[in-house]
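For reference, query-v2.txt is printed below; it contains compact mmCIF, C-alpha atoms and all ligand atoms.
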```txt
# COMPACT_ATOMS: atom_id res chain seq x y z
CA MET A 567 -35.75 -26.20 -46.71
CA ILE A 568 -36.61 -29.42 -44.82
CA VAL A 569 -40.27 -30.00 -44.01
CA THR A 570 -40.92 -32.72 -41.43
CA VAL A 571 -44.30 -34.43 -41.66
CA ARG A 572 -46.22 -34.92 -38.42
CA PRO A 573 -46.44 -38.65 -37.47
CA GLY A 574 -49.87 -39.90 -38.58
CA ALA A 575 -50.35 -37.12 -41.14
CA ASN A 576 -50.52 -37.97 -44.82
CA PRO A 577 -47.21 -37.02 -46.49
CA ASP A 578 -48.91 -36.94 -49.90
CA SER A 579 -51.37 -34.25 -48.89
CA VAL A 580 -48.53 -32.14 -47.41
CA ARG A 581 -46.62 -32.65 -50.62
CA GLU A 582 -49.62 -31.60 -52.71
CA ALA A 583 -50.03 -28.45 -50.64
CA LEU A 584 -46.38 -27.60 -51.30
CA VAL A 585 -46.56 -28.41 -55.01
CA ALA A 586 -49.72 -26.28 -55.30
CA ARG A 587 -47.58 -23.33 -54.15
CA GLY A 588 -45.25 -23.93 -57.06
CA LEU A 589 -42.55 -25.60 -54.97
CA TRP A 590 -40.19 -28.35 -56.11
CA VAL A 591 -40.43 -31.21 -53.61
CA THR A 592 -38.53 -34.46 -53.07
CA ARG A 593 -39.49 -36.99 -50.44
CA HIS A 594 -37.25 -38.85 -48.01
CA GLU A 595 -38.10 -41.61 -45.53
CA GLY A 596 -35.63 -41.31 -42.67
CA ALA A 597 -35.29 -42.89 -39.24
CA GLY A 598 -37.18 -39.86 -37.87
CA GLY A 599 -40.17 -40.24 -40.24
CA THR A 600 -41.07 -38.62 -43.54
CA CYS A 601 -39.34 -35.43 -44.63
CA LEU A 602 -40.00 -33.36 -47.71
CA PHE A 603 -37.15 -31.35 -49.18
CA LEU A 604 -37.84 -28.13 -51.01
CA VAL A 605 -35.00 -28.03 -53.49
CA ARG A 606 -33.30 -24.81 -54.46
CA PRO A 607 -33.54 -22.75 -56.64
CA TYR A 608 -37.20 -23.60 -57.12
CA SER A 609 -38.03 -23.07 -53.48
CA GLY A 610 -35.87 -20.00 -52.99
CA HIS A 611 -38.82 -17.67 -52.47
CA VAL A 612 -40.68 -19.86 -49.99
CA ASN A 613 -41.97 -18.38 -46.75
CA ALA A 614 -41.13 -20.66 -43.80
CA ASP A 615 -44.09 -19.53 -41.66
CA GLU A 616 -46.52 -20.26 -44.48
CA VAL A 617 -45.06 -23.75 -44.93
CA ALA A 618 -45.11 -24.42 -41.18
CA ALA A 619 -48.83 -23.56 -41.13
CA ILE A 620 -49.73 -26.28 -43.68
CA ASP A 621 -51.87 -29.01 -42.14
CA GLY A 622 -49.72 -32.06 -41.31
CA VAL A 623 -46.41 -30.17 -41.05
CA LEU A 624 -44.48 -30.85 -37.85
CA GLY A 625 -41.55 -28.54 -38.44
CA VAL A 626 -39.56 -26.55 -40.93
CA ALA A 627 -35.78 -26.20 -40.93
CA GLU A 628 -33.13 -24.70 -43.15
CA PRO A 629 -30.36 -27.13 -44.04
CA ARG A 630 -26.94 -25.83 -43.10
CA GLY A 631 -25.22 -27.05 -46.22
CA GLY A 632 -25.58 -29.19 -49.28
CA HIS A 633 -26.51 -32.22 -47.19
CA PRO A 634 -30.19 -31.85 -46.25
CA ARG A 635 -30.73 -35.55 -45.62
CA VAL A 636 -27.83 -35.64 -43.16
CA ASP A 637 -29.17 -32.52 -41.46
CA ALA A 638 -32.60 -34.14 -41.18
CA GLN A 639 -31.31 -37.20 -39.35
CA PRO A 640 -32.74 -37.51 -35.85
CA GLN A 641 -30.46 -36.78 -32.91
CA VAL A 642 -31.03 -40.26 -31.53
CA LEU A 643 -30.67 -43.23 -33.90
CA GLU A 644 -32.60 -46.40 -33.09
CA ILE A 645 -30.87 -49.41 -34.59
CA GLY A 646 -31.97 -52.95 -33.86
CA GLY A 647 -33.20 -52.06 -30.38
CA LEU A 648 -30.15 -49.90 -29.60
CA ALA A 649 -30.42 -46.15 -29.11
CA LEU A 650 -27.40 -44.03 -29.99
CA GLY A 651 -27.34 -40.36 -29.13
CA PRO A 652 -27.29 -37.76 -26.40
CA ASP A 653 -28.46 -38.81 -22.93
CA ARG A 654 -28.18 -42.47 -23.90
CA ALA A 655 -25.62 -44.86 -22.43
CA PRO A 656 -22.59 -45.00 -24.73
CA VAL A 657 -22.72 -47.98 -27.06
CA VAL A 658 -19.64 -50.17 -27.20
CA MET A 659 -18.87 -51.84 -30.52
CA ALA A 660 -15.95 -54.20 -30.22
CA GLY A 661 -14.22 -57.20 -31.70
CA PRO A 662 -11.15 -58.23 -33.63
CA CYS A 663 -9.83 -56.32 -36.60
CA SER A 664 -10.28 -59.43 -38.76
CA ILE A 665 -12.51 -62.42 -38.18
CA GLU A 666 -9.82 -65.08 -38.05
CA SER A 667 -11.82 -68.25 -37.35
CA GLU A 668 -15.26 -69.44 -36.26
CA GLU A 669 -13.93 -70.39 -32.80
CA GLN A 670 -12.25 -67.03 -32.34
CA ILE A 671 -15.33 -64.95 -33.08
CA HIS A 672 -17.59 -67.08 -30.86
CA ASP A 673 -15.15 -66.75 -27.99
CA VAL A 674 -14.80 -63.01 -28.50
CA ALA A 675 -18.59 -62.55 -28.74
CA ARG A 676 -19.15 -64.40 -25.49
CA ARG A 677 -16.51 -62.46 -23.60
CA LEU A 678 -17.45 -59.05 -24.97
CA ALA A 679 -21.18 -59.53 -24.45
CA ALA A 680 -20.54 -60.53 -20.85
CA ARG A 681 -18.67 -57.28 -20.36
CA GLY A 682 -21.32 -54.98 -21.87
CA ALA A 683 -20.52 -54.63 -25.58
CA ARG A 684 -23.66 -54.33 -27.72
CA VAL A 685 -22.26 -54.61 -31.24
CA LEU A 686 -19.77 -57.20 -32.47
CA ARG A 687 -17.27 -55.96 -35.05
CA GLY A 688 -14.95 -57.95 -37.28
CA GLY A 689 -13.65 -57.64 -40.81
CA ALA A 690 -14.40 -60.29 -43.40
CA PHE A 691 -13.21 -58.25 -46.39
CA LYS A 692 -10.08 -56.44 -45.27
CA PRO A 693 -8.70 -53.24 -46.82
CA ARG A 694 -4.99 -53.97 -46.48
CA THR A 695 -2.25 -51.61 -47.55
CA SER A 696 -0.24 -54.48 -49.06
CA PRO A 697 -1.73 -57.13 -51.38
CA TYR A 698 0.41 -59.74 -49.58
CA GLU A 699 -1.28 -59.21 -46.20
CA PHE A 700 -4.27 -61.21 -44.91
CA GLN A 701 -7.31 -60.17 -46.94
CA GLY A 702 -10.07 -61.72 -44.80
CA HIS A 703 -12.16 -64.91 -44.90
CA GLY A 704 -15.00 -63.32 -46.90
CA GLU A 705 -18.58 -64.57 -46.71
CA ASN A 706 -17.74 -67.52 -44.44
CA ALA A 707 -16.48 -65.05 -41.87
CA LEU A 708 -19.72 -63.09 -42.09
CA ARG A 709 -21.67 -66.25 -41.34
CA TRP A 710 -19.49 -66.93 -38.29
CA LEU A 711 -19.93 -63.32 -37.17
CA ALA A 712 -23.72 -63.46 -37.48
CA GLU A 713 -23.98 -66.77 -35.61
CA ALA A 714 -21.67 -65.66 -32.82
CA ALA A 715 -23.56 -62.39 -32.40
CA ARG A 716 -26.95 -64.11 -32.39
CA ALA A 717 -25.78 -66.57 -29.74
CA HIS A 718 -24.85 -63.70 -27.42
CA GLY A 719 -27.53 -61.11 -28.20
CA LEU A 720 -25.25 -58.73 -30.07
CA LEU A 721 -25.71 -56.72 -33.25
CA THR A 722 -23.03 -56.85 -35.93
CA VAL A 723 -20.99 -54.43 -38.02
CA SER A 724 -18.59 -55.36 -40.80
CA GLU A 725 -16.92 -53.56 -43.66
CA ALA A 726 -18.03 -53.69 -47.29
CA LEU A 727 -14.93 -53.22 -49.38
CA GLY A 728 -16.47 -52.88 -52.81
CA GLU A 729 -19.67 -52.86 -54.78
CA SER A 730 -19.30 -56.60 -55.37
CA SER A 731 -19.39 -57.42 -51.65
CA VAL A 732 -21.81 -54.85 -50.29
CA GLU A 733 -24.98 -56.93 -50.79
CA CYS A 734 -23.30 -59.87 -49.13
CA VAL A 735 -22.23 -57.78 -46.12
CA ALA A 736 -25.71 -56.26 -45.82
CA ALA A 737 -27.32 -59.71 -45.96
CA HIS A 738 -25.30 -60.94 -42.97
CA THR A 739 -24.92 -57.85 -40.77
CA ASP A 740 -27.02 -55.26 -38.94
CA ILE A 741 -24.76 -52.33 -39.81
CA VAL A 742 -22.65 -51.98 -42.94
CA GLN A 743 -19.26 -50.34 -42.39
CA ILE A 744 -17.67 -48.12 -45.02
CA GLY A 745 -13.94 -47.87 -44.37
CA SER A 746 -11.74 -44.84 -44.34
CA ARG A 747 -10.14 -45.74 -47.67
CA ASN A 748 -13.57 -45.85 -49.31
CA MET A 749 -15.24 -42.75 -47.90
CA HIS A 750 -14.76 -41.00 -51.25
CA ASN A 751 -15.96 -43.99 -53.30
CA SER A 752 -19.36 -42.65 -54.33
CA PRO A 753 -20.45 -45.71 -56.37
CA LEU A 754 -19.83 -47.84 -53.26
CA LEU A 755 -21.64 -45.31 -51.06
CA ARG A 756 -24.65 -45.47 -53.36
CA ALA A 757 -24.56 -49.27 -53.40
CA ALA A 758 -24.33 -49.39 -49.59
CA GLY A 759 -27.22 -46.92 -49.34
CA ARG A 760 -29.36 -49.02 -51.68
CA THR A 761 -29.17 -51.96 -49.26
CA GLY A 762 -31.36 -49.89 -46.90
CA ARG A 763 -29.19 -50.83 -43.93
CA PRO A 764 -27.79 -48.42 -41.34
CA VAL A 765 -24.21 -47.55 -42.26
CA LEU A 766 -21.21 -46.83 -40.06
CA LEU A 767 -19.28 -44.31 -42.14
CA LYS A 768 -15.62 -43.98 -41.26
CA ARG A 769 -14.06 -40.63 -41.97
CA GLY A 770 -11.55 -40.66 -44.83
CA MET A 771 -8.04 -40.32 -43.44
CA ALA A 772 -7.58 -37.03 -45.31
CA ALA A 773 -11.22 -35.99 -45.63
CA THR A 774 -12.57 -32.62 -44.59
CA ILE A 775 -15.63 -32.59 -42.37
CA GLU A 776 -17.73 -31.30 -45.26
CA GLU A 777 -16.59 -34.18 -47.49
CA TRP A 778 -17.48 -36.61 -44.71
CA LEU A 779 -20.96 -35.11 -44.35
CA LEU A 780 -21.45 -35.26 -48.11
CA ALA A 781 -20.44 -38.93 -48.12
CA GLY A 782 -23.22 -39.40 -45.55
CA GLU A 783 -25.56 -37.58 -47.89
CA TYR A 784 -24.73 -40.06 -50.68
CA LEU A 785 -25.68 -42.92 -48.36
CA LEU A 786 -28.96 -41.42 -47.21
CA ASP A 787 -29.90 -40.25 -50.69
CA ALA A 788 -29.48 -43.82 -51.93
CA GLY A 789 -31.69 -45.22 -49.16
CA ALA A 790 -29.53 -45.97 -46.11
CA ALA A 791 -31.70 -46.29 -42.99
CA ALA A 792 -29.28 -44.14 -40.98
CA VAL A 793 -25.67 -43.00 -40.92
CA ILE A 794 -23.43 -43.31 -37.88
CA PHE A 795 -20.38 -41.12 -38.42
CA CYS A 796 -17.17 -42.73 -37.18
CA GLU A 797 -14.09 -40.62 -36.44
CA ARG A 798 -11.01 -42.87 -36.73
CA GLY A 799 -8.20 -40.36 -36.96
CA ILE A 800 -6.79 -38.34 -39.80
CA ARG A 801 -3.31 -38.35 -41.35
CA SER A 802 -0.84 -36.08 -39.67
CA PHE A 803 2.90 -35.44 -39.71
CA ASP A 804 3.77 -37.25 -36.49
CA ALA A 805 4.39 -41.00 -36.50
CA GLU A 806 4.17 -41.46 -32.70
CA THR A 807 0.52 -42.33 -33.16
CA ARG A 808 -0.90 -43.99 -36.28
CA ASN A 809 -3.29 -41.08 -36.94
CA LEU A 810 -4.46 -37.91 -35.22
CA LEU A 811 -7.77 -38.40 -33.41
CA ASP A 812 -9.77 -35.34 -34.39
CA LEU A 813 -11.94 -34.72 -31.35
CA SER A 814 -12.77 -31.24 -32.65
CA ALA A 815 -14.67 -32.96 -35.45
CA VAL A 816 -16.50 -35.10 -32.88
CA ALA A 817 -17.56 -32.02 -30.91
CA LEU A 818 -18.59 -30.19 -34.07
CA LEU A 819 -20.67 -33.03 -35.46
CA THR A 820 -22.36 -33.84 -32.18
CA HIS A 821 -22.90 -30.37 -30.70
CA VAL A 822 -23.38 -28.25 -33.82
CA HIS A 823 -24.69 -30.66 -36.46
CA ARG A 824 -26.47 -32.81 -33.85
CA LEU A 825 -25.35 -36.03 -35.48
CA VAL A 826 -24.51 -39.40 -34.00
CA VAL A 827 -20.75 -39.99 -33.89
CA VAL A 828 -18.86 -43.05 -32.75
CA VAL A 829 -15.12 -42.83 -32.10
CA ASP A 830 -12.61 -45.51 -33.06
CA PRO A 831 -9.54 -44.85 -30.92
CA SER A 832 -7.95 -48.14 -32.04
CA HIS A 833 -7.27 -47.02 -35.60
CA ALA A 834 -6.68 -43.43 -34.50
CA LEU A 835 -3.92 -44.30 -32.02
CA GLY A 836 -2.56 -47.51 -33.50
CA ARG A 837 -1.36 -48.48 -29.99
CA ARG A 838 -3.30 -50.01 -27.16
CA ASP A 839 -1.74 -48.08 -24.27
CA LEU A 840 -3.60 -44.86 -25.08
CA ILE A 841 -7.04 -46.30 -25.81
CA GLN A 842 -8.36 -45.67 -22.30
CA PRO A 843 -7.67 -41.93 -21.98
CA MET A 844 -8.76 -41.24 -25.55
CA SER A 845 -11.98 -43.23 -25.08
CA ARG A 846 -12.80 -41.02 -22.12
CA ALA A 847 -11.94 -37.94 -24.14
CA ALA A 848 -14.13 -39.14 -27.02
CA LEU A 849 -17.17 -39.48 -24.78
CA ALA A 850 -16.45 -36.11 -23.20
CA ALA A 851 -16.40 -34.58 -26.70
CA GLY A 852 -19.88 -35.98 -27.38
CA ALA A 853 -19.37 -39.41 -28.93
CA ALA A 854 -22.39 -41.73 -28.68
CA GLY A 855 -20.19 -44.79 -28.61
CA LEU A 856 -16.83 -46.41 -29.19
CA LEU A 857 -15.48 -48.85 -31.74
CA LEU A 858 -12.69 -50.88 -30.13
CA GLU A 859 -10.46 -53.62 -31.48
CA VAL A 860 -9.99 -56.54 -29.09
CA HIS A 861 -8.02 -59.78 -29.51
CA ASP A 862 -7.25 -62.67 -27.15
CA THR A 863 -3.59 -62.72 -28.22
CA PRO A 864 -2.76 -59.46 -30.01
CA GLY A 865 0.76 -60.67 -30.77
CA ARG A 866 -0.72 -63.32 -33.04
CA ALA A 867 -3.45 -61.18 -34.65
CA LEU A 868 -3.61 -61.42 -38.44
CA SER A 869 -4.11 -57.64 -38.65
CA ASP A 870 -3.72 -54.59 -36.42
CA GLY A 871 -2.27 -56.49 -33.42
CA PRO A 872 -0.44 -53.47 -31.90
CA GLN A 873 -3.67 -51.58 -31.34
CA ALA A 874 -5.82 -54.51 -30.15
CA LEU A 875 -6.80 -54.61 -26.49
CA THR A 876 -6.59 -57.87 -24.57
CA PHE A 877 -9.78 -58.84 -22.71
CA PRO A 878 -8.51 -57.57 -19.32
CA GLU A 879 -7.47 -54.32 -20.98
CA PHE A 880 -10.88 -54.03 -22.62
CA ALA A 881 -12.54 -54.53 -19.22
CA ALA A 882 -10.27 -51.87 -17.70
CA VAL A 883 -11.13 -49.39 -20.48
CA LEU A 884 -14.85 -49.91 -19.89
CA ASP A 885 -14.43 -49.65 -16.13
CA GLY A 886 -12.89 -46.25 -16.64
CA LEU A 887 -15.78 -44.87 -18.67
CA PRO A 888 -18.65 -42.89 -17.20
CA GLY A 889 -22.24 -43.80 -18.06
CA LEU A 890 -21.86 -47.43 -19.03
CA PRO A 891 -24.33 -49.82 -17.47
CA GLN A 892 -22.55 -52.20 -15.12
CA VAL A 893 -22.47 -55.68 -16.51
CA GLN A 894 -21.19 -58.68 -14.63
CA GLY A 895 -18.91 -60.82 -16.64
CA SER A 896 -15.67 -62.55 -17.36
CA ARG A 897 -12.38 -60.75 -17.18
C1 LIG B 901 -11.22 -51.46 -39.59
O1 LIG B 901 -12.19 -51.01 -38.95
O2 LIG B 901 -10.75 -52.58 -39.39
C2 LIG B 901 -10.57 -50.59 -40.60
C3 LIG B 901 -9.87 -51.09 -41.60
O3 LIG B 901 -10.73 -49.28 -40.33
P1 LIG B 901 -10.35 -47.97 -41.18
O4 LIG B 901 -11.20 -48.01 -42.41
O5 LIG B 901 -10.73 -46.87 -40.24
O6 LIG B 901 -8.88 -48.01 -41.48
MN MN B 902 -8.26 -52.83 -37.97
```
Starting from the file, give its structure as structure tokens.
Ligand code: PEP
Ligand code: MN
Amino acid sequence: MIVTVRPGANPDSVREALVARGLWVTRHEGAGGTCLFLVRPYSGHVNADEVAAIDGVLGVAEPRGGHPRVDAQPQVLEIGGLALGPDRAPVVMAGPCSIESEEQIHDVARRLAARGARVLRGGAFKPRTSPYEFQGHGENALRWLAEAARAHGLLTVSEALGESSVECVAAHTDIVQIGSRNMHNSPLLRAAGRTGRPVLLKRGMAATIEEWLLAGEYLLDAGAAAVIFCERGIRSFDAETRNLLDLSAVALLTHVHRLVVVVDPSHALGRRDLIQPMSRAALAAGAAGLLLEVHDTPGRALSDGPQALTFPEFAAVLDGLPGLPQVQGSR
């Protein structure tokens, strides 16, 4: 059972009232305030009405599964002045797959900010399938990303590839990204959670929805400020698109689990020509935002060129979306 403490009430006195009833209680500070979890089997006999009547209790809920901290996340996440969730304008996170140079990321930041993006993405530690492919510029790239974003009023998101780089990524970014290949890496999830940052959690390319939710639970249990779930396509049998964009999962997470989901059509499709219709479909399914790869010259990109949008294509995708605030800017 999840017990939410009323804002302004003393969580310790609520906790004492629960403990005095013989209940086993753990405490969690989430983006929505303090929650107390009554852990099974010790709390199996608890009466919800009695708990709801305790002074200082705002609400009582039954978790749907083995991920009470995920279930207790608020429907709207507030991150660095941005609100992600239902009835909020969709948030556009965009940028190159890899941060290729200081000049590149400044130019991209300027052009994307002018067009309405709110979060600048770019990989500094790249999870490449081959060891001979570009692996990223590391911490230098994170510095360039942070400076470029600051200059144009953007937040940042970048991937932490391993436990050795997660502190570094958290130190330079607003949101730590966990990539698809690492969704099952529980030591990394714990390390990312311990940074206390919000985390963008990509779905593993062959992960069930329950496994994805449990990966979120690892993050929140370790101390992550919030988890944004990111659907980026799952492995399928057809090679026409890079992955299969699972919009059923987006609808399920947003409408049933009431979680914040961002959709990454770039990695799902692997080709730029279908980004626009699938971005519209993602928002229709309930996504709170989009993660889009953009490059000034995709043919020369050091990674993921075929799926990168040019700036005019990016502008056209945004023009075709409902609910985005109109922003004047360069094309
Ligand atoms: C990325 O965002 O650049 C990336 C590598 O994504 P994924 O983990 O979804 O493959
Ligand atoms: Mn990429």
(request) For range 716-727 of chain A, work out the shell of residues within 8 Å, counting only C-alpha atoms and skipping chain neighbours fewer than 3 positions away, then give it as an NGL selection string. (result) :A and (646 or 675-676 or 679 or 683-693 or 708 or 711-713 or 731-732 or 735 or 739-745 or 748 or 758 or 766)
Take the residues from that selection and put them in a file with C-alpha atoms, as a tab-separated table (two decimals), in the frame of the given file.
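out30.tsv written:
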```
chain	number	residue	atom	x	y	z
A	646	GLY	CA	-31.97	-52.95	-33.86
A	675	ALA	CA	-18.59	-62.55	-28.74
A	676	ARG	CA	-19.15	-64.40	-25.49
A	679	ALA	CA	-21.18	-59.53	-24.45
A	683	ALA	CA	-20.52	-54.63	-25.58
A	684	ARG	CA	-23.66	-54.33	-27.72
A	685	VAL	CA	-22.26	-54.61	-31.24
A	686	LEU	CA	-19.77	-57.20	-32.47
A	687	ARG	CA	-17.27	-55.96	-35.05
A	688	GLY	CA	-14.95	-57.95	-37.28
A	689	GLY	CA	-13.65	-57.64	-40.81
A	690	ALA	CA	-14.40	-60.29	-43.40
A	691	PHE	CA	-13.21	-58.25	-46.39
A	692	LYS	CA	-10.08	-56.44	-45.27
A	693	PRO	CA	-8.70	-53.24	-46.82
A	708	LEU	CA	-19.72	-63.09	-42.09
A	711	LEU	CA	-19.93	-63.32	-37.17
A	712	ALA	CA	-23.72	-63.46	-37.48
A	713	GLU	CA	-23.98	-66.77	-35.61
A	731	SER	CA	-19.39	-57.42	-51.65
A	732	VAL	CA	-21.81	-54.85	-50.29
A	735	VAL	CA	-22.23	-57.78	-46.12
A	739	THR	CA	-24.92	-57.85	-40.77
A	740	ASP	CA	-27.02	-55.26	-38.94
A	741	ILE	CA	-24.76	-52.33	-39.81
A	742	VAL	CA	-22.65	-51.98	-42.94
A	743	GLN	CA	-19.26	-50.34	-42.39
A	744	ILE	CA	-17.67	-48.12	-45.02
A	745	GLY	CA	-13.94	-47.87	-44.37
A	748	ASN	CA	-13.57	-45.85	-49.31
A	758	ALA	CA	-24.33	-49.39	-49.59
A	766	LEU	CA	-21.21	-46.83	-40.06
```
(message) If the limit is 8 Å from any atom of ligand MN 902 (chain B), counting all atoms listed in the file, which residues qualify? Return them as a list in words.
(response) Pro662, Cys663, Ser664, Gly689, Ser832, His833, Glu859, Ser869 and Asp870 of chain A
Which centre and which edge lengths, in Å to one decimal, describe the axis-aligned box that holds all listed atoms of range 843-861 of chain A after 6 Å is added on each side, as AutoDock Vina command-line options?
```
--center_x -15.0 --center_y -47.2 --center_z -26.9 --size_x 26.7 --size_y 37.2 --size_z 21.8
```
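Using all atoms listed in the file for every distance, the candidate list A:Gly836, A:Gly661, A:Gly704, A:Gly682 yields A:Gly661 as the residue closest to Thr876 in chain A.
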(request) One decimal, Å: what's the distance from CA of Val860 in chain A over to CA of Glu879 in chain A, could you say? (result) 8.8 Å
(request) Rank A:Phe603, A:Phe795, A:Tyr784, A:Tyr698 by their smallest atom-to-atom distance to ligand LIG 901 (chain B), using all atoms listed in the file, and report the top residue only. (result)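 Answer, going by the shortest atom-to-atom distance: A:Phe795.
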(request) May I have the residues at most 12 Å from (-11.5, -36.9, -48.0) in the file's coordinates, counting all atoms listed in the file, as a list in words? (result)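 Protein and nucleic acid residues near the point are Gly745, Ser746, Arg747, Asn748, Met749, His750, Asn751, Ser752, Lys768, Arg769, Gly770, Met771, Ala772, Ala773, Thr774, Ile775, Glu776, Glu777, Trp778, Leu779, Leu780, Ala781, Ile800 and Arg801 of chain A.
The space between CA of Pro640 in chain A and CA of Leu849 in chain A spans 19.2 Å.
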(request) Tell me, in Å to one decimal, how far CA of Val657 in chain A is from CA of Asp830 in chain A. (result)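 Those two atoms sit 12.0 Å apart.
Among the candidates A:Leu584, A:Ala736, A:Val612, A:Leu835, the one nearest to Glu628 in chain A when counting all atoms listed in the file is A:Val612.
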(request) Rank nothing, just name the residue among A:Gly852, A:Gly631, A:Pro864, A:Gly799 nearest to ligand LIG 901 (chain B), using only C-alpha atoms and all ligand atoms. (result)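 Smallest separation from ligand LIG 901 (chain B) among the options: A:Gly799.
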(request) Just the residues within 8 Å of Ala853 in chain A, please, counting all atoms listed in the file, with nothing from its chain fewer than 3 positions along; format it as an NGL selection string. (result) :A and (656 or 816-817 or 820 or 826-829 or 848-850 or 856)
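For the choices A:Leu767, A:Leu840, A:Leu818, A:Ala680, the atom-to-atom distance to ligand LIG 901 (chain B) is smallest for A:Leu767 when using all atoms listed in the file.
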Pick out the residues sitting within 9 Å of range 653-655 of chain A, and hand them over as a compact mmCIF listing (two decimals) with C-alpha atoms, in the coordinates of the input; count all atoms listed in the file, and ignore anything fewer than 2 positions along from it in its own chain.
```txt
# COMPACT_ATOMS: atom_id res chain seq x y z
CA VAL A 642 -31.03 -40.26 -31.53
CA ALA A 649 -30.42 -46.15 -29.11
CA LEU A 650 -27.40 -44.03 -29.99
CA GLY A 651 -27.34 -40.36 -29.13
CA VAL A 657 -22.72 -47.98 -27.06
CA ALA A 854 -22.39 -41.73 -28.68
CA GLY A 855 -20.19 -44.79 -28.61
CA PRO A 888 -18.65 -42.89 -17.20
CA GLY A 889 -22.24 -43.80 -18.06
CA LEU A 890 -21.86 -47.43 -19.03
CA PRO A 891 -24.33 -49.82 -17.47
```
(request) Would you please work out which residue, of A:Ile568, A:Leu825, A:Ala792, A:Met659, is nearest to ligand LIG 901 (chain B) when using all atoms listed in the file? (result)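 Looking only at the distances to ligand LIG 901 (chain B), the closest residue turns out to be A:Met659.
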Can you write out as a tab-separated table which residues of range 702-784 of chain A fall within 12 Å of range 585-597 of chain A, alongside each residue's closest atom pair and its distance in Å to one decimal, counting only C-alpha atoms and ordering rows by chain and ascending residue number?
```
residue	atom	partner	partner_atom	distance
A:Gly762	CA	A:Gly596	CA	10.5
A:Arg763	CA	A:Ala597	CA	11.1
A:Pro764	CA	A:Ala597	CA	9.6
A:Glu783	CA	A:His594	CA	11.8
```
(request) Could you give me, as a ChimeraX atom specification, the residues within 10 Å of Gln670 in chain A, counting all atoms listed in the file and dropping anything in the same chain fewer than 4 positions from it? (result) /A:662,665-666,674-675,710-711,714,861-862
(request) Extract, using all atoms listed in the file, all DNA, RNA and protein residues at most 12 Å from Thr600 in chain A, discarding same-chain residues fewer than 6 positions from it, and format them as a ChimeraX atom specification. (result) /A:568-578,580-581,592-594,622-625,635,638-640
Could I get range 730-740 of chain A from the block written as a short mmCIF file (atom, residue, chain, number, x, y, z; two decimals), in the first residue's frame, with N, CA, C and O atoms?
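Contents of the output file result.cif:
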```
data_model
loop_
_atom_site.label_atom_id
_atom_site.label_comp_id
_atom_site.auth_asym_id
_atom_site.auth_seq_id
_atom_site.Cartn_x
_atom_site.Cartn_y
_atom_site.Cartn_z
N SER A 730 31.10 3.80 -14.50
CA SER A 730 32.26 4.69 -14.40
C SER A 730 31.95 6.08 -14.95
O SER A 730 32.63 7.04 -14.59
N SER A 731 30.94 6.20 -15.81
CA SER A 731 30.68 7.52 -16.40
C SER A 731 29.42 8.19 -15.86
O SER A 731 29.14 9.35 -16.18
N VAL A 732 28.67 7.50 -15.01
CA VAL A 732 27.36 8.03 -14.65
C VAL A 732 27.46 9.31 -13.80
O VAL A 732 26.71 10.26 -14.00
N GLU A 733 28.44 9.36 -12.91
CA GLU A 733 28.61 10.58 -12.09
C GLU A 733 28.97 11.76 -12.98
O GLU A 733 28.49 12.87 -12.78
N CYS A 734 29.83 11.49 -13.94
CA CYS A 734 30.27 12.54 -14.85
C CYS A 734 29.09 13.05 -15.67
O CYS A 734 28.89 14.27 -15.80
N VAL A 735 28.27 12.16 -16.18
CA VAL A 735 27.09 12.58 -16.96
C VAL A 735 26.15 13.39 -16.07
O VAL A 735 25.65 14.45 -16.47
N ALA A 736 25.92 12.91 -14.85
CA ALA A 736 25.00 13.61 -13.95
C ALA A 736 25.53 15.00 -13.59
O ALA A 736 24.76 15.94 -13.42
N ALA A 737 26.85 15.12 -13.49
CA ALA A 737 27.44 16.42 -13.11
C ALA A 737 27.23 17.47 -14.20
O ALA A 737 27.17 18.66 -13.92
N HIS A 738 27.12 17.03 -15.45
CA HIS A 738 27.05 17.99 -16.56
C HIS A 738 25.66 18.13 -17.18
O HIS A 738 25.47 18.98 -18.04
N THR A 739 24.72 17.26 -16.81
CA THR A 739 23.42 17.29 -17.50
C THR A 739 22.25 17.46 -16.52
O THR A 739 22.40 17.24 -15.33
N ASP A 740 21.10 17.80 -17.08
CA ASP A 740 19.88 17.91 -16.26
C ASP A 740 19.18 16.58 -16.14
O ASP A 740 18.51 16.31 -15.15
#
```
